[in-house]
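Structure data follow from model_11.txt (compact mmCIF, N, CA and C atoms):
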# COMPACT_ATOMS: atom_id res chain seq x y z
N MET A 1 -35.32 13.27 42.43
CA MET A 1 -34.42 14.40 42.57
C MET A 1 -35.21 15.67 42.24
N THR A 2 -35.09 16.63 43.09
CA THR A 2 -35.82 17.88 42.91
C THR A 2 -35.11 18.72 41.85
N ALA A 3 -35.79 19.74 41.40
CA ALA A 3 -35.22 20.65 40.41
C ALA A 3 -33.98 21.33 40.96
N LYS A 4 -34.01 21.67 42.25
CA LYS A 4 -32.87 22.34 42.88
C LYS A 4 -31.67 21.39 42.95
N GLU A 5 -31.93 20.13 43.29
CA GLU A 5 -30.85 19.13 43.35
C GLU A 5 -30.25 18.87 41.97
N LYS A 6 -31.12 18.83 40.97
CA LYS A 6 -30.65 18.63 39.59
C LYS A 6 -29.76 19.79 39.16
N SER A 7 -30.16 21.00 39.53
CA SER A 7 -29.39 22.19 39.18
C SER A 7 -28.01 22.15 39.82
N LYS A 8 -27.95 21.73 41.09
CA LYS A 8 -26.67 21.63 41.79
C LYS A 8 -25.79 20.55 41.15
N ALA A 9 -26.40 19.42 40.83
CA ALA A 9 -25.65 18.32 40.21
C ALA A 9 -25.10 18.75 38.85
N LYS A 10 -25.90 19.48 38.11
CA LYS A 10 -25.47 19.95 36.80
C LYS A 10 -24.30 20.91 36.93
N ALA A 11 -24.34 21.76 37.93
CA ALA A 11 -23.27 22.73 38.15
C ALA A 11 -21.97 22.03 38.53
N LYS A 12 -22.04 20.90 39.20
CA LYS A 12 -20.85 20.16 39.62
C LYS A 12 -20.35 19.18 38.56
N ALA A 13 -21.20 18.85 37.64
CA ALA A 13 -20.87 17.82 36.65
C ALA A 13 -19.77 18.29 35.69
N LYS A 14 -18.82 17.41 35.48
CA LYS A 14 -17.77 17.67 34.49
C LYS A 14 -18.39 17.42 33.11
N PRO A 15 -18.31 18.38 32.21
CA PRO A 15 -18.96 18.20 30.91
C PRO A 15 -18.27 17.13 30.05
N PHE A 16 -19.05 16.43 29.28
CA PHE A 16 -18.56 15.42 28.35
C PHE A 16 -18.86 15.87 26.93
N ARG A 17 -17.89 15.81 26.07
CA ARG A 17 -18.08 16.14 24.66
C ARG A 17 -17.37 15.08 23.82
N PHE A 18 -18.01 14.64 22.75
CA PHE A 18 -17.35 13.71 21.85
C PHE A 18 -16.30 14.47 21.05
N ARG A 19 -15.18 13.81 20.81
CA ARG A 19 -14.11 14.41 20.02
C ARG A 19 -14.48 14.36 18.54
N GLU A 20 -13.92 15.27 17.80
CA GLU A 20 -14.12 15.27 16.36
C GLU A 20 -13.39 14.11 15.70
N ASN A 21 -12.15 13.85 16.15
CA ASN A 21 -11.34 12.77 15.60
C ASN A 21 -11.23 12.84 14.08
N ARG A 22 -10.80 13.99 13.64
CA ARG A 22 -10.58 14.20 12.20
C ARG A 22 -9.13 14.62 11.99
N VAL A 23 -8.57 14.09 10.93
CA VAL A 23 -7.18 14.41 10.59
C VAL A 23 -7.21 15.60 9.64
N PRO A 24 -6.63 16.74 10.07
CA PRO A 24 -6.64 17.92 9.20
C PRO A 24 -5.59 17.79 8.09
N LEU A 25 -5.99 18.13 6.89
CA LEU A 25 -5.09 18.06 5.73
C LEU A 25 -5.17 19.37 4.95
N ASP A 26 -4.05 19.78 4.42
CA ASP A 26 -3.99 20.92 3.51
C ASP A 26 -3.45 20.36 2.20
N MET A 27 -4.36 20.00 1.32
CA MET A 27 -3.97 19.36 0.06
C MET A 27 -4.10 20.35 -1.09
N ASN A 28 -2.97 20.79 -1.55
CA ASN A 28 -2.91 21.72 -2.67
C ASN A 28 -3.75 22.97 -2.42
N GLY A 29 -3.69 23.46 -1.17
CA GLY A 29 -4.40 24.67 -0.81
C GLY A 29 -5.84 24.45 -0.39
N HIS A 30 -6.31 23.21 -0.39
CA HIS A 30 -7.67 22.89 0.03
C HIS A 30 -7.60 22.25 1.42
N ILE A 31 -8.24 22.89 2.38
CA ILE A 31 -8.23 22.39 3.75
C ILE A 31 -9.41 21.43 3.92
N ILE A 32 -9.08 20.22 4.32
CA ILE A 32 -10.11 19.22 4.58
C ILE A 32 -9.75 18.51 5.88
N ALA A 33 -10.73 17.88 6.48
CA ALA A 33 -10.50 17.09 7.69
C ALA A 33 -11.22 15.76 7.51
N LEU A 34 -10.44 14.70 7.44
CA LEU A 34 -11.01 13.37 7.22
C LEU A 34 -11.19 12.64 8.55
N PRO A 35 -12.28 11.91 8.70
CA PRO A 35 -12.46 11.11 9.91
C PRO A 35 -11.28 10.16 10.10
N ALA A 36 -10.69 10.19 11.29
CA ALA A 36 -9.48 9.41 11.56
C ALA A 36 -9.70 7.92 11.33
N GLU A 37 -10.81 7.40 11.79
CA GLU A 37 -11.05 5.97 11.65
C GLU A 37 -11.15 5.57 10.18
N ARG A 38 -11.86 6.37 9.39
CA ARG A 38 -12.00 6.08 7.95
C ARG A 38 -10.64 6.17 7.25
N LEU A 39 -9.87 7.18 7.58
CA LEU A 39 -8.55 7.34 6.97
C LEU A 39 -7.66 6.16 7.32
N HIS A 40 -7.69 5.75 8.59
CA HIS A 40 -6.89 4.61 9.02
C HIS A 40 -7.29 3.35 8.22
N GLU A 41 -8.59 3.12 8.09
CA GLU A 41 -9.08 1.95 7.35
C GLU A 41 -8.65 1.99 5.89
N LYS A 42 -8.73 3.16 5.28
CA LYS A 42 -8.36 3.29 3.85
C LYS A 42 -6.86 3.08 3.64
N ILE A 43 -6.04 3.59 4.55
CA ILE A 43 -4.60 3.39 4.41
C ILE A 43 -4.27 1.92 4.62
N LYS A 44 -4.86 1.32 5.63
CA LYS A 44 -4.62 -0.11 5.87
C LYS A 44 -5.05 -0.93 4.66
N SER A 45 -6.19 -0.63 4.11
CA SER A 45 -6.69 -1.34 2.94
C SER A 45 -5.74 -1.15 1.75
N SER A 46 -5.20 0.05 1.61
CA SER A 46 -4.31 0.31 0.47
C SER A 46 -3.02 -0.50 0.57
N THR A 47 -2.57 -0.76 1.80
CA THR A 47 -1.35 -1.56 1.96
C THR A 47 -1.60 -3.03 1.63
N GLU A 48 -2.86 -3.41 1.64
CA GLU A 48 -3.21 -4.79 1.31
C GLU A 48 -3.65 -4.94 -0.14
N ASN A 49 -4.05 -3.85 -0.78
CA ASN A 49 -4.62 -3.94 -2.12
C ASN A 49 -3.87 -3.09 -3.16
N GLU A 50 -4.03 -1.77 -3.07
CA GLU A 50 -3.49 -0.89 -4.11
C GLU A 50 -1.97 -0.92 -4.21
N ILE A 51 -1.28 -0.85 -3.08
CA ILE A 51 0.18 -0.81 -3.11
C ILE A 51 0.76 -2.11 -3.67
N PRO A 52 0.31 -3.29 -3.21
CA PRO A 52 0.81 -4.53 -3.83
C PRO A 52 0.48 -4.64 -5.32
N ALA A 53 -0.68 -4.14 -5.71
CA ALA A 53 -1.06 -4.19 -7.13
C ALA A 53 -0.11 -3.33 -7.95
N CYS A 54 0.22 -2.15 -7.45
CA CYS A 54 1.17 -1.28 -8.16
C CYS A 54 2.56 -1.90 -8.18
N SER A 55 2.97 -2.45 -7.07
CA SER A 55 4.29 -3.09 -7.00
C SER A 55 4.40 -4.23 -8.00
N ALA A 56 3.36 -5.04 -8.08
CA ALA A 56 3.36 -6.16 -9.02
C ALA A 56 3.43 -5.67 -10.46
N LEU A 57 2.71 -4.61 -10.76
CA LEU A 57 2.76 -4.05 -12.12
C LEU A 57 4.15 -3.53 -12.46
N LEU A 58 4.73 -2.80 -11.54
CA LEU A 58 6.04 -2.21 -11.80
C LEU A 58 7.15 -3.26 -11.84
N GLN A 59 6.96 -4.36 -11.15
CA GLN A 59 7.95 -5.44 -11.21
C GLN A 59 7.94 -6.13 -12.56
N LYS A 60 6.81 -6.04 -13.26
CA LYS A 60 6.72 -6.60 -14.62
C LYS A 60 7.51 -5.76 -15.60
N GLY A 61 7.78 -4.52 -15.21
CA GLY A 61 8.54 -3.62 -16.07
C GLY A 61 8.10 -2.19 -15.87
N ASP A 62 9.07 -1.30 -15.90
CA ASP A 62 8.81 0.12 -15.71
C ASP A 62 8.41 0.73 -17.05
N THR A 63 7.29 0.24 -17.57
CA THR A 63 6.82 0.72 -18.87
C THR A 63 5.80 1.83 -18.68
N ALA A 64 5.59 2.60 -19.71
CA ALA A 64 4.61 3.70 -19.64
C ALA A 64 3.22 3.15 -19.31
N GLU A 65 2.88 2.00 -19.86
CA GLU A 65 1.56 1.41 -19.62
C GLU A 65 1.40 0.99 -18.15
N ASN A 66 2.45 0.39 -17.59
CA ASN A 66 2.37 -0.05 -16.19
C ASN A 66 2.31 1.15 -15.24
N VAL A 67 3.08 2.18 -15.53
CA VAL A 67 3.07 3.39 -14.70
C VAL A 67 1.70 4.06 -14.80
N GLU A 68 1.15 4.10 -16.00
CA GLU A 68 -0.18 4.69 -16.20
C GLU A 68 -1.24 3.90 -15.43
N GLU A 69 -1.14 2.59 -15.44
CA GLU A 69 -2.09 1.75 -14.70
C GLU A 69 -1.97 1.99 -13.20
N CYS A 70 -0.76 2.13 -12.70
CA CYS A 70 -0.56 2.44 -11.27
C CYS A 70 -1.16 3.80 -10.93
N THR A 71 -0.99 4.75 -11.81
CA THR A 71 -1.57 6.08 -11.60
C THR A 71 -3.09 5.97 -11.48
N LYS A 72 -3.70 5.19 -12.35
CA LYS A 72 -5.16 5.01 -12.30
C LYS A 72 -5.59 4.35 -10.99
N ILE A 73 -4.80 3.38 -10.52
CA ILE A 73 -5.11 2.70 -9.26
C ILE A 73 -5.10 3.70 -8.10
N LEU A 74 -4.06 4.53 -8.06
CA LEU A 74 -3.95 5.53 -6.98
C LEU A 74 -5.01 6.61 -7.11
N GLU A 75 -5.31 7.02 -8.33
CA GLU A 75 -6.37 8.01 -8.52
C GLU A 75 -7.71 7.48 -8.01
N ALA A 76 -8.00 6.22 -8.29
CA ALA A 76 -9.26 5.63 -7.83
C ALA A 76 -9.30 5.58 -6.30
N TRP A 77 -8.15 5.28 -5.69
CA TRP A 77 -8.07 5.25 -4.23
C TRP A 77 -8.37 6.64 -3.66
N PHE A 78 -7.75 7.68 -4.23
CA PHE A 78 -8.00 9.04 -3.75
C PHE A 78 -9.45 9.45 -3.96
N GLU A 79 -9.99 9.12 -5.11
CA GLU A 79 -11.37 9.50 -5.39
C GLU A 79 -12.32 8.84 -4.40
N GLU A 80 -12.06 7.59 -4.04
CA GLU A 80 -12.90 6.91 -3.06
C GLU A 80 -12.71 7.50 -1.66
N LEU A 81 -11.48 7.83 -1.32
CA LEU A 81 -11.19 8.40 0.00
C LEU A 81 -11.83 9.78 0.16
N LEU A 82 -11.63 10.64 -0.82
CA LEU A 82 -12.03 12.04 -0.71
C LEU A 82 -13.43 12.34 -1.24
N GLY A 83 -13.92 11.48 -2.10
CA GLY A 83 -15.13 11.77 -2.83
C GLY A 83 -14.76 12.48 -4.13
N LYS A 84 -15.54 12.25 -5.15
CA LYS A 84 -15.22 12.76 -6.49
C LYS A 84 -15.08 14.28 -6.52
N THR A 85 -15.98 14.99 -5.89
CA THR A 85 -15.96 16.46 -5.93
C THR A 85 -14.70 17.02 -5.28
N VAL A 86 -14.38 16.55 -4.09
CA VAL A 86 -13.18 17.04 -3.39
C VAL A 86 -11.93 16.62 -4.15
N TYR A 87 -11.91 15.39 -4.63
CA TYR A 87 -10.77 14.90 -5.40
C TYR A 87 -10.51 15.80 -6.61
N GLU A 88 -11.56 16.13 -7.33
CA GLU A 88 -11.43 16.98 -8.51
C GLU A 88 -10.95 18.38 -8.14
N LYS A 89 -11.41 18.91 -7.02
CA LYS A 89 -10.96 20.24 -6.59
C LYS A 89 -9.48 20.24 -6.25
N ILE A 90 -9.03 19.20 -5.56
CA ILE A 90 -7.64 19.13 -5.13
C ILE A 90 -6.70 18.97 -6.33
N PHE A 91 -7.02 18.03 -7.19
CA PHE A 91 -6.14 17.76 -8.33
C PHE A 91 -6.40 18.70 -9.50
N GLY A 92 -7.59 19.28 -9.54
CA GLY A 92 -7.91 20.27 -10.57
C GLY A 92 -7.70 19.75 -11.99
N ASP A 93 -7.30 20.66 -12.87
CA ASP A 93 -7.08 20.31 -14.27
C ASP A 93 -5.67 19.78 -14.52
N LYS A 94 -4.88 19.70 -13.48
CA LYS A 94 -3.51 19.25 -13.59
C LYS A 94 -3.46 17.84 -14.16
N LYS A 95 -2.52 17.60 -15.06
CA LYS A 95 -2.31 16.24 -15.55
C LYS A 95 -1.81 15.42 -14.37
N ARG A 96 -2.50 14.38 -14.06
CA ARG A 96 -2.17 13.56 -12.89
C ARG A 96 -1.09 12.55 -13.24
N THR A 97 0.04 12.70 -12.60
CA THR A 97 1.15 11.79 -12.86
C THR A 97 1.28 10.80 -11.72
N PHE A 98 2.01 9.73 -11.98
CA PHE A 98 2.28 8.72 -10.97
C PHE A 98 2.99 9.35 -9.78
N PHE A 99 3.94 10.23 -10.05
CA PHE A 99 4.71 10.87 -8.97
C PHE A 99 3.83 11.80 -8.14
N ASP A 100 2.92 12.51 -8.78
CA ASP A 100 1.99 13.36 -8.03
C ASP A 100 1.13 12.51 -7.10
N CYS A 101 0.63 11.40 -7.61
CA CYS A 101 -0.21 10.52 -6.80
C CYS A 101 0.59 9.93 -5.65
N CYS A 102 1.84 9.54 -5.91
CA CYS A 102 2.69 9.00 -4.85
C CYS A 102 2.97 10.05 -3.78
N ASP A 103 3.26 11.28 -4.21
CA ASP A 103 3.52 12.37 -3.25
C ASP A 103 2.29 12.64 -2.39
N ALA A 104 1.12 12.69 -3.02
CA ALA A 104 -0.12 12.95 -2.28
C ALA A 104 -0.43 11.79 -1.33
N TYR A 105 -0.21 10.57 -1.79
CA TYR A 105 -0.44 9.39 -0.94
C TYR A 105 0.49 9.44 0.27
N ARG A 106 1.75 9.73 0.05
CA ARG A 106 2.72 9.82 1.14
C ARG A 106 2.31 10.91 2.13
N TYR A 107 1.87 12.05 1.61
CA TYR A 107 1.43 13.15 2.48
C TYR A 107 0.28 12.71 3.38
N VAL A 108 -0.71 12.05 2.81
CA VAL A 108 -1.88 11.61 3.58
C VAL A 108 -1.45 10.60 4.65
N CYS A 109 -0.59 9.66 4.28
CA CYS A 109 -0.11 8.65 5.24
C CYS A 109 0.68 9.31 6.37
N GLU A 110 1.53 10.27 6.04
CA GLU A 110 2.32 10.95 7.06
C GLU A 110 1.44 11.79 7.98
N ALA A 111 0.42 12.43 7.42
CA ALA A 111 -0.49 13.23 8.23
C ALA A 111 -1.24 12.33 9.22
N ALA A 112 -1.67 11.16 8.76
CA ALA A 112 -2.36 10.22 9.64
C ALA A 112 -1.40 9.72 10.71
N ARG A 113 -0.19 9.37 10.32
CA ARG A 113 0.81 8.89 11.28
C ARG A 113 1.06 9.95 12.36
N ASP A 114 1.24 11.19 11.94
CA ASP A 114 1.50 12.28 12.89
C ASP A 114 0.31 12.49 13.83
N TYR A 115 -0.89 12.40 13.30
CA TYR A 115 -2.09 12.58 14.10
C TYR A 115 -2.17 11.52 15.19
N PHE A 116 -1.97 10.26 14.81
CA PHE A 116 -2.04 9.18 15.78
C PHE A 116 -0.88 9.22 16.76
N ALA A 117 0.29 9.64 16.31
CA ALA A 117 1.45 9.78 17.21
C ALA A 117 1.18 10.85 18.26
N GLU A 118 0.56 11.93 17.85
CA GLU A 118 0.23 13.01 18.78
C GLU A 118 -0.75 12.52 19.84
N ILE A 119 -1.72 11.76 19.42
CA ILE A 119 -2.69 11.20 20.37
C ILE A 119 -1.97 10.31 21.37
N ALA A 120 -1.12 9.42 20.88
CA ALA A 120 -0.40 8.50 21.76
C ALA A 120 0.56 9.25 22.68
N GLU A 121 1.24 10.25 22.15
CA GLU A 121 2.22 11.01 22.93
C GLU A 121 1.57 11.77 24.08
N LYS A 122 0.46 12.36 23.82
CA LYS A 122 -0.22 13.17 24.84
C LYS A 122 -1.11 12.34 25.75
N GLY A 123 -1.15 11.04 25.50
CA GLY A 123 -1.97 10.18 26.34
C GLY A 123 -3.45 10.37 26.10
N LYS A 124 -3.78 10.87 24.93
CA LYS A 124 -5.19 11.05 24.61
C LYS A 124 -5.78 9.68 24.28
N VAL A 125 -7.07 9.66 24.16
CA VAL A 125 -7.75 8.42 23.81
C VAL A 125 -7.57 8.13 22.33
N LEU A 126 -7.82 6.90 21.96
CA LEU A 126 -7.74 6.52 20.56
C LEU A 126 -8.90 7.13 19.79
N PRO A 127 -8.79 7.25 18.46
CA PRO A 127 -9.79 7.93 17.67
C PRO A 127 -11.22 7.42 17.80
N ASP A 128 -11.42 6.15 18.12
CA ASP A 128 -12.78 5.66 18.19
C ASP A 128 -13.36 5.70 19.61
N GLU A 129 -12.63 6.32 20.53
CA GLU A 129 -13.09 6.43 21.91
C GLU A 129 -13.49 7.88 22.21
N PRO A 130 -14.54 8.08 23.00
CA PRO A 130 -14.93 9.44 23.36
C PRO A 130 -13.99 10.01 24.42
N SER A 131 -14.01 11.32 24.53
CA SER A 131 -13.17 11.98 25.52
C SER A 131 -13.90 13.19 26.06
N ASP A 132 -13.59 13.53 27.29
CA ASP A 132 -14.16 14.75 27.85
C ASP A 132 -13.09 15.82 28.00
N LYS A 133 -11.94 15.60 27.36
CA LYS A 133 -10.83 16.56 27.43
C LYS A 133 -11.04 17.70 26.46
Take the structure I supplied and represent it as structure tokens, if you would.
Amino acid sequence: MTAKEKSKAKAKAKPFRFRENRVPLDMNGHIIALPAERLHEKIKSSTENEIPACSALLQKGDTAENVEECTKILEAWFEELLGKTVYEKIFGDKKRTFFDCCDAYRYVCEAARDYFAEIAEKGKVLPDEPSDK
């Protein structure tokens, strides 16, 4: 193919770009965007590990110790998801309560659900597939 033919082909070619596939979050005033695939994996893992562990603890009794242990489980999940630095920025010096962790967890799950619903609704590709749109 000559240089002129290549130039013509390039001019006619539909451009391809990989999608970012990040879920945008505004957590306590901190804007972050987590990779969709990683977020999906972490939420799925939490439904198999952290959530059942907390449920089992709370079924033993709604004691201060059990609630505190559940808080630690959720804090560890957030720290692993976000990274220690981002986690610390989001939660700051605030005393971390079980309810705060539950609210933040629910927010992240809802944001992921909305992101994937938007993709499905608009007929976009799934997060692990490239797109030229």
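Put simply, atom N of Glu118 (chain A) is 17.1 Å away from atom N of Lys44 (chain A).
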So, counting all atoms listed in the file, which residue among A:Lys89, A:Arg106, A:Lys12, A:Arg96 is closest to Met27 (chain A)? A:Lys89
In Å, rounded to a single decimal, give me how far atom N of Asp103 (chain A) is from CA of Glu65 (chain A). 18.4 Å
Running DSSP on the backbone, which parts of region 7-127 of chain A land in helix (DSSP H, G or I), as an NGL selection string? :A and (7-12 or 36-48 or 50-60 or 64-82 or 84-91 or 98-121)
For Trp77 (chain A), find every residue with an atom within 8 Å (counting all atoms listed in the file), except residues of its own chain fewer than 5 positions away, and show them as a VMD selection string. chain A and resid 46 50 71 to 72 82 to 83
Could you save those same residues with N, CA and C atoms as a PDB file, keeping the file's coordinate frame?
ATOM      1  N   SER A  46      -5.200   0.050   1.610  1.00  0.00           N
ATOM      2  CA  SER A  46      -4.310   0.310   0.470  1.00  0.00           C
ATOM      3  C   SER A  46      -3.020  -0.500   0.570  1.00  0.00           C
ATOM      4  N   GLU A  50      -4.030  -1.770  -3.070  1.00  0.00           N
ATOM      5  CA  GLU A  50      -3.490  -0.890  -4.110  1.00  0.00           C
ATOM      6  C   GLU A  50      -1.970  -0.920  -4.210  1.00  0.00           C
ATOM      7  N   THR A  71      -0.990   4.750 -11.810  1.00  0.00           N
ATOM      8  CA  THR A  71      -1.570   6.080 -11.600  1.00  0.00           C
ATOM      9  C   THR A  71      -3.090   5.970 -11.480  1.00  0.00           C
ATOM     10  N   LYS A  72      -3.700   5.190 -12.350  1.00  0.00           N
ATOM     11  CA  LYS A  72      -5.160   5.010 -12.300  1.00  0.00           C
ATOM     12  C   LYS A  72      -5.590   4.350 -10.990  1.00  0.00           C
ATOM     13  N   LEU A  82     -11.630  10.640  -0.820  1.00  0.00           N
ATOM     14  CA  LEU A  82     -12.030  12.040  -0.710  1.00  0.00           C
ATOM     15  C   LEU A  82     -13.430  12.340  -1.240  1.00  0.00           C
ATOM     16  N   GLY A  83     -13.920  11.480  -2.100  1.00  0.00           N
ATOM     17  CA  GLY A  83     -15.130  11.770  -2.830  1.00  0.00           C
ATOM     18  C   GLY A  83     -14.760  12.480  -4.130  1.00  0.00           C
TER      19      GLY A  83
END
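Every residue of chain A with a DSSP assignment of strand (DSSP E or B), taken from the backbone, is listed as Arg17, Arg22, Val23, Pro24, Leu25, Asp26, Met27, His30, Ile31, Ile32, Ala33, Leu34, Pro35 and Ser131 of chain A.
With distances restricted to only N, CA and C atoms, A:Leu34 is the closest residue to Glu20 (chain A) from A:Tyr87, A:Phe78, A:Leu34, A:Cys109.
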Just want the 5 Å neighbourhood of Pro35 (chain A), counted on all atoms listed in the file, with same-chain residues fewer than 3 positions away dropped. Output as an MDAnalysis selection string. chainID A and resid 21:23 38:39
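For the pair atom C of Lys42 (chain A) and CA of Arg113 (chain A), the interatomic distance is 12.3 Å.
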Using all atoms of region 12-29 of chain A that appear in the file, construct an axis-aligned enclosing box with 5 Å of padding on every side and provide its centre coordinates and edge lengths in Å, rounded to one decimal, as AutoDock Vina command-line options.
--center_x -12.5 --center_y 18.7 --center_z 18.5 --size_x 29.1 --size_y 21.9 --size_z 52.3
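Minimum atom-to-atom distances from A:Cys102, A:Thr47, A:Leu57, A:Glu37 to Leu74 (chain A) were compared using all atoms listed in the file, and the lowest value belongs to A:Cys102.
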Please supply region 26-45 of chain A, rebuilt with N, CA, C and O atoms, as an mmCIF file, in the coordinates of the input.
data_model
loop_
_atom_site.group_PDB
_atom_site.id
_atom_site.type_symbol
_atom_site.label_atom_id
_atom_site.label_comp_id
_atom_site.auth_asym_id
_atom_site.auth_seq_id
_atom_site.Cartn_x
_atom_site.Cartn_y
_atom_site.Cartn_z
ATOM 1 N N ASP A 26 -4.050 19.780 4.420
ATOM 2 C CA ASP A 26 -3.990 20.920 3.510
ATOM 3 C C ASP A 26 -3.450 20.360 2.200
ATOM 4 O O ASP A 26 -2.256 20.229 2.001
ATOM 5 N N MET A 27 -4.360 20.000 1.320
ATOM 6 C CA MET A 27 -3.970 19.360 0.060
ATOM 7 C C MET A 27 -4.100 20.350 -1.090
ATOM 8 O O MET A 27 -5.210 20.692 -1.488
ATOM 9 N N ASN A 28 -2.970 20.790 -1.550
ATOM 10 C CA ASN A 28 -2.910 21.720 -2.670
ATOM 11 C C ASN A 28 -3.750 22.970 -2.420
ATOM 12 O O ASN A 28 -4.439 23.454 -3.290
ATOM 13 N N GLY A 29 -3.690 23.460 -1.170
ATOM 14 C CA GLY A 29 -4.400 24.670 -0.810
ATOM 15 C C GLY A 29 -5.840 24.450 -0.390
ATOM 16 O O GLY A 29 -6.537 25.406 -0.025
ATOM 17 N N HIS A 30 -6.310 23.210 -0.390
ATOM 18 C CA HIS A 30 -7.670 22.890 0.030
ATOM 19 C C HIS A 30 -7.600 22.250 1.420
ATOM 20 O O HIS A 30 -6.978 21.211 1.595
ATOM 21 N N ILE A 31 -8.240 22.890 2.380
ATOM 22 C CA ILE A 31 -8.230 22.390 3.750
ATOM 23 C C ILE A 31 -9.410 21.430 3.920
ATOM 24 O O ILE A 31 -10.563 21.806 3.688
ATOM 25 N N ILE A 32 -9.080 20.220 4.320
ATOM 26 C CA ILE A 32 -10.110 19.220 4.580
ATOM 27 C C ILE A 32 -9.750 18.510 5.880
ATOM 28 O O ILE A 32 -8.611 18.550 6.323
ATOM 29 N N ALA A 33 -10.730 17.880 6.480
ATOM 30 C CA ALA A 33 -10.500 17.090 7.690
ATOM 31 C C ALA A 33 -11.220 15.760 7.510
ATOM 32 O O ALA A 33 -12.442 15.717 7.399
ATOM 33 N N LEU A 34 -10.440 14.700 7.440
ATOM 34 C CA LEU A 34 -11.010 13.370 7.220
ATOM 35 C C LEU A 34 -11.190 12.640 8.550
ATOM 36 O O LEU A 34 -10.328 12.735 9.431
ATOM 37 N N PRO A 35 -12.280 11.910 8.700
ATOM 38 C CA PRO A 35 -12.460 11.110 9.910
ATOM 39 C C PRO A 35 -11.280 10.160 10.100
ATOM 40 O O PRO A 35 -10.897 9.438 9.175
ATOM 41 N N ALA A 36 -10.690 10.190 11.290
ATOM 42 C CA ALA A 36 -9.480 9.410 11.560
ATOM 43 C C ALA A 36 -9.700 7.920 11.330
ATOM 44 O O ALA A 36 -8.849 7.251 10.733
ATOM 45 N N GLU A 37 -10.810 7.400 11.790
ATOM 46 C CA GLU A 37 -11.050 5.970 11.650
ATOM 47 C C GLU A 37 -11.150 5.570 10.180
ATOM 48 O O GLU A 37 -10.576 4.576 9.754
ATOM 49 N N ARG A 38 -11.860 6.370 9.390
ATOM 50 C CA ARG A 38 -12.000 6.080 7.950
ATOM 51 C C ARG A 38 -10.640 6.170 7.250
ATOM 52 O O ARG A 38 -10.295 5.310 6.436
ATOM 53 N N LEU A 39 -9.870 7.180 7.580
ATOM 54 C CA LEU A 39 -8.550 7.340 6.970
ATOM 55 C C LEU A 39 -7.660 6.160 7.320
ATOM 56 O O LEU A 39 -6.972 5.604 6.460
ATOM 57 N N HIS A 40 -7.690 5.750 8.590
ATOM 58 C CA HIS A 40 -6.890 4.610 9.020
ATOM 59 C C HIS A 40 -7.290 3.350 8.220
ATOM 60 O O HIS A 40 -6.434 2.604 7.746
ATOM 61 N N GLU A 41 -8.590 3.120 8.090
ATOM 62 C CA GLU A 41 -9.080 1.950 7.350
ATOM 63 C C GLU A 41 -8.650 1.990 5.890
ATOM 64 O O GLU A 41 -8.249 0.970 5.332
ATOM 65 N N LYS A 42 -8.730 3.160 5.280
ATOM 66 C CA LYS A 42 -8.360 3.290 3.850
ATOM 67 C C LYS A 42 -6.860 3.080 3.640
ATOM 68 O O LYS A 42 -6.453 2.460 2.656
ATOM 69 N N ILE A 43 -6.040 3.590 4.550
ATOM 70 C CA ILE A 43 -4.600 3.390 4.410
ATOM 71 C C ILE A 43 -4.270 1.920 4.620
ATOM 72 O O ILE A 43 -3.493 1.339 3.849
ATOM 73 N N LYS A 44 -4.860 1.320 5.630
ATOM 74 C CA LYS A 44 -4.620 -0.110 5.870
ATOM 75 C C LYS A 44 -5.050 -0.930 4.660
ATOM 76 O O LYS A 44 -4.316 -1.820 4.205
ATOM 77 N N SER A 45 -6.190 -0.630 4.110
ATOM 78 C CA SER A 45 -6.690 -1.340 2.940
ATOM 79 C C SER A 45 -5.740 -1.150 1.750
ATOM 80 O O SER A 45 -5.493 -2.095 0.987
#
